[in-house]
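Inspection log for the structure reproduced underneath, given as structure tokens.
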Amino acid sequence: MSDVNPPTADLQRIQRAQVASATTGRIRVRFARGPSAPADLAALQQSLEPMAEIRAIKVRPAAASAILEFDPRDATTVEGRLRELGVRGSQNDRRHSLGEPAVIMKTTASLINRAVGQRLPGDLRLLVPLALGLLSLRQFARGDDRLSEAPWYLLAWYASESFSKLQPASPSADPTVDEV
């Protein structure tokens with residue numbers, strides 16, 4: 001974290017900011033558009049420039065936003081500094097990176113996954129790709145070449161993709177984590 005704190009007036013400007021989006025190695029911080037936006041962006045830029053963890057700060061005055069680019073390994077440090085400065089939404093809250101419908105879907109899928117895991121040997125991370133794979137084999141065995149139905153190779157591709165996407169991100173990830 002940085003020991004350099006901006007003056008109180010600049011800190012008040014920075015506290016108007018909100019994290020608009022966050023992806024790996026990139027955070028967009030947005031201010032309300034208006035006559036104070038350029039000064040708000042300048043205060044944010046001045047307070048973050050001393051951080052060695054931030055590779056680049058791209059200020060977009062027309063959008064009243066700034067894009068922070070950093071090494072993904074430094075994400076905790078950058079997010080911590082934004083939190084120190086009072087930027088809203090800078091905590092690692094998934095609701096800022098996922099829209100409300102995505103949060104609802106993820107929560108629902110998690111509940112279904114838990115219920116399936118209690119009743120069957122496996123969970124949705126295995127059963128969904130398995131079901132798509134079986135449908136693929138059925139279509140292939142029937143020899144249906146009609147395009148109005150899903151062809152076997154498309155179902156096979158969905159089975160493969162859903163299996164790879166539903167698995168934990170790293171081999172060290174806890175398989176009991178309730179993510180779908």
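Naming scheme: A, B, ... for chains in displayed order of the structure tokens; residues 1 onward per chain; ligands 1 onward as shown.
Counting only C-alpha atoms, Val78 of chain A has the following residues at most 12 Å away, ignoring those fewer than 6 positions along the same chain: Met1, Ser2, Ala22, Thr24, Gly25, Arg26, Ile27, Ser47, Leu48, Glu49, Pro50, Met51, Ala52, Glu53, Ile54, Arg55, Leu68, Glu69, Phe70, Asp71, Pro72, Glu84, Leu85, Val87, Ser90, Gln91 and Asn92 of chain A.
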Written selection (N, CA and C atoms) as a tab-separated table (two decimals), in the first residue's frame:
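Below you can see again-v9.tsv, which holds the result:
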```
chain	number	residue	atom	x	y	z
A	1	MET	N	0.84	-1.17	0.00
A	1	MET	CA	0.00	0.00	0.00
A	1	MET	C	0.89	1.24	0.00
A	2	SER	N	0.30	2.33	-0.39
A	2	SER	CA	1.07	3.58	-0.47
A	2	SER	C	0.93	4.35	0.83
A	22	ALA	N	-14.26	-4.36	-13.50
A	22	ALA	CA	-12.97	-4.91	-13.11
A	22	ALA	C	-12.77	-6.24	-13.83
A	24	THR	N	-9.32	-9.02	-15.11
A	24	THR	CA	-7.97	-9.39	-14.72
A	24	THR	C	-6.97	-8.35	-15.21
A	25	GLY	N	-6.30	-7.71	-14.27
A	25	GLY	CA	-5.28	-6.73	-14.61
A	25	GLY	C	-5.79	-5.38	-15.05
A	26	ARG	N	-7.09	-5.11	-14.85
A	26	ARG	CA	-7.66	-3.85	-15.34
A	26	ARG	C	-8.86	-3.46	-14.50
A	27	ILE	N	-8.89	-2.21	-14.07
A	27	ILE	CA	-10.04	-1.68	-13.33
A	27	ILE	C	-10.41	-0.34	-13.95
A	47	SER	N	-2.94	10.65	-7.11
A	47	SER	CA	-2.81	9.81	-5.91
A	47	SER	C	-2.38	8.38	-6.25
A	48	LEU	N	-2.60	7.93	-7.49
A	48	LEU	CA	-2.24	6.56	-7.86
A	48	LEU	C	-0.92	6.46	-8.62
A	49	GLU	N	-0.44	7.56	-9.20
A	49	GLU	CA	0.80	7.53	-9.98
A	49	GLU	C	2.01	7.02	-9.20
A	50	PRO	N	2.15	7.33	-7.91
A	50	PRO	CA	3.32	6.82	-7.17
A	50	PRO	C	3.34	5.30	-7.00
A	51	MET	N	2.23	4.64	-7.23
A	51	MET	CA	2.18	3.18	-7.04
A	51	MET	C	2.93	2.46	-8.15
A	52	ALA	N	3.96	1.73	-7.78
A	52	ALA	CA	4.74	0.97	-8.76
A	52	ALA	C	3.92	-0.17	-9.35
A	53	GLU	N	2.91	-0.64	-8.62
A	53	GLU	CA	2.10	-1.78	-9.08
A	53	GLU	C	1.23	-1.43	-10.29
A	54	ILE	N	0.92	-0.17	-10.46
A	54	ILE	CA	0.07	0.25	-11.57
A	54	ILE	C	0.95	0.58	-12.76
A	55	ARG	N	0.74	-0.18	-13.86
A	55	ARG	CA	1.53	0.01	-15.08
A	55	ARG	C	1.14	1.27	-15.83
A	68	LEU	N	-7.18	1.69	-14.98
A	68	LEU	CA	-5.94	1.33	-14.29
A	68	LEU	C	-5.50	-0.03	-14.80
A	69	GLU	N	-4.28	-0.11	-15.32
A	69	GLU	CA	-3.74	-1.38	-15.78
A	69	GLU	C	-2.62	-1.79	-14.85
A	70	PHE	N	-2.63	-3.06	-14.43
A	70	PHE	CA	-1.66	-3.55	-13.46
A	70	PHE	C	-1.44	-5.04	-13.66
A	71	ASP	N	-0.39	-5.55	-13.07
A	71	ASP	CA	-0.11	-6.97	-13.11
A	71	ASP	C	-1.17	-7.66	-12.25
A	72	PRO	N	-1.83	-8.70	-12.75
A	72	PRO	CA	-2.87	-9.38	-11.97
A	72	PRO	C	-2.39	-9.85	-10.59
A	84	GLU	N	-8.55	2.24	0.43
A	84	GLU	CA	-7.98	3.27	1.32
A	84	GLU	C	-8.43	4.67	0.91
A	85	LEU	N	-8.47	4.90	-0.39
A	85	LEU	CA	-8.85	6.22	-0.90
A	85	LEU	C	-10.35	6.46	-0.82
A	87	VAL	N	-12.71	4.77	-2.71
A	87	VAL	CA	-13.41	4.51	-3.97
A	87	VAL	C	-14.46	3.43	-3.70
A	90	SER	N	-14.72	-0.90	-4.61
A	90	SER	CA	-13.39	-1.42	-4.90
A	90	SER	C	-13.10	-2.70	-4.13
A	91	GLN	N	-13.96	-3.08	-3.17
A	91	GLN	CA	-13.75	-4.35	-2.51
A	91	GLN	C	-14.02	-5.48	-3.50
A	92	ASN	N	-13.49	-6.63	-3.20
A	92	ASN	CA	-13.60	-7.76	-4.13
A	92	ASN	C	-15.00	-8.34	-4.04
```
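Closest approach to Gln46 of chain A among A:Leu135, A:Leu166, A:Ala62, A:Ile14 is made by A:Ile14 (distances from only C-alpha atoms).
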* Selection: 12 Å around Leu137 of chain A, only C-alpha atoms, excl. self and same-chain fewer than 2 positions, as a ChimeraX atom specification -> /A:130-135,139-144,150-157,159
* For Ser136 of chain A, which of A:Ser160, A:Arg60, A:Arg83, A:Thr8 is the closest residue, counting only C-alpha atoms? -> A:Ser160
* Do you have the atom CA of Val29 of chain A-atom CA of Ala17 of chain A distance handy? ->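 Between atom CA of Val29 of chain A and atom CA of Ala17 of chain A the gap is 6.4 Å.
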* To do: For atom CA of Ser162 of chain A and atom CA of Val128 of chain A, determine how far apart the two atoms are, in Å to one decimal place.
  =>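 Straight-line distance from atom CA of Ser162 of chain A to atom CA of Val128 of chain A works out to 7.4 Å.
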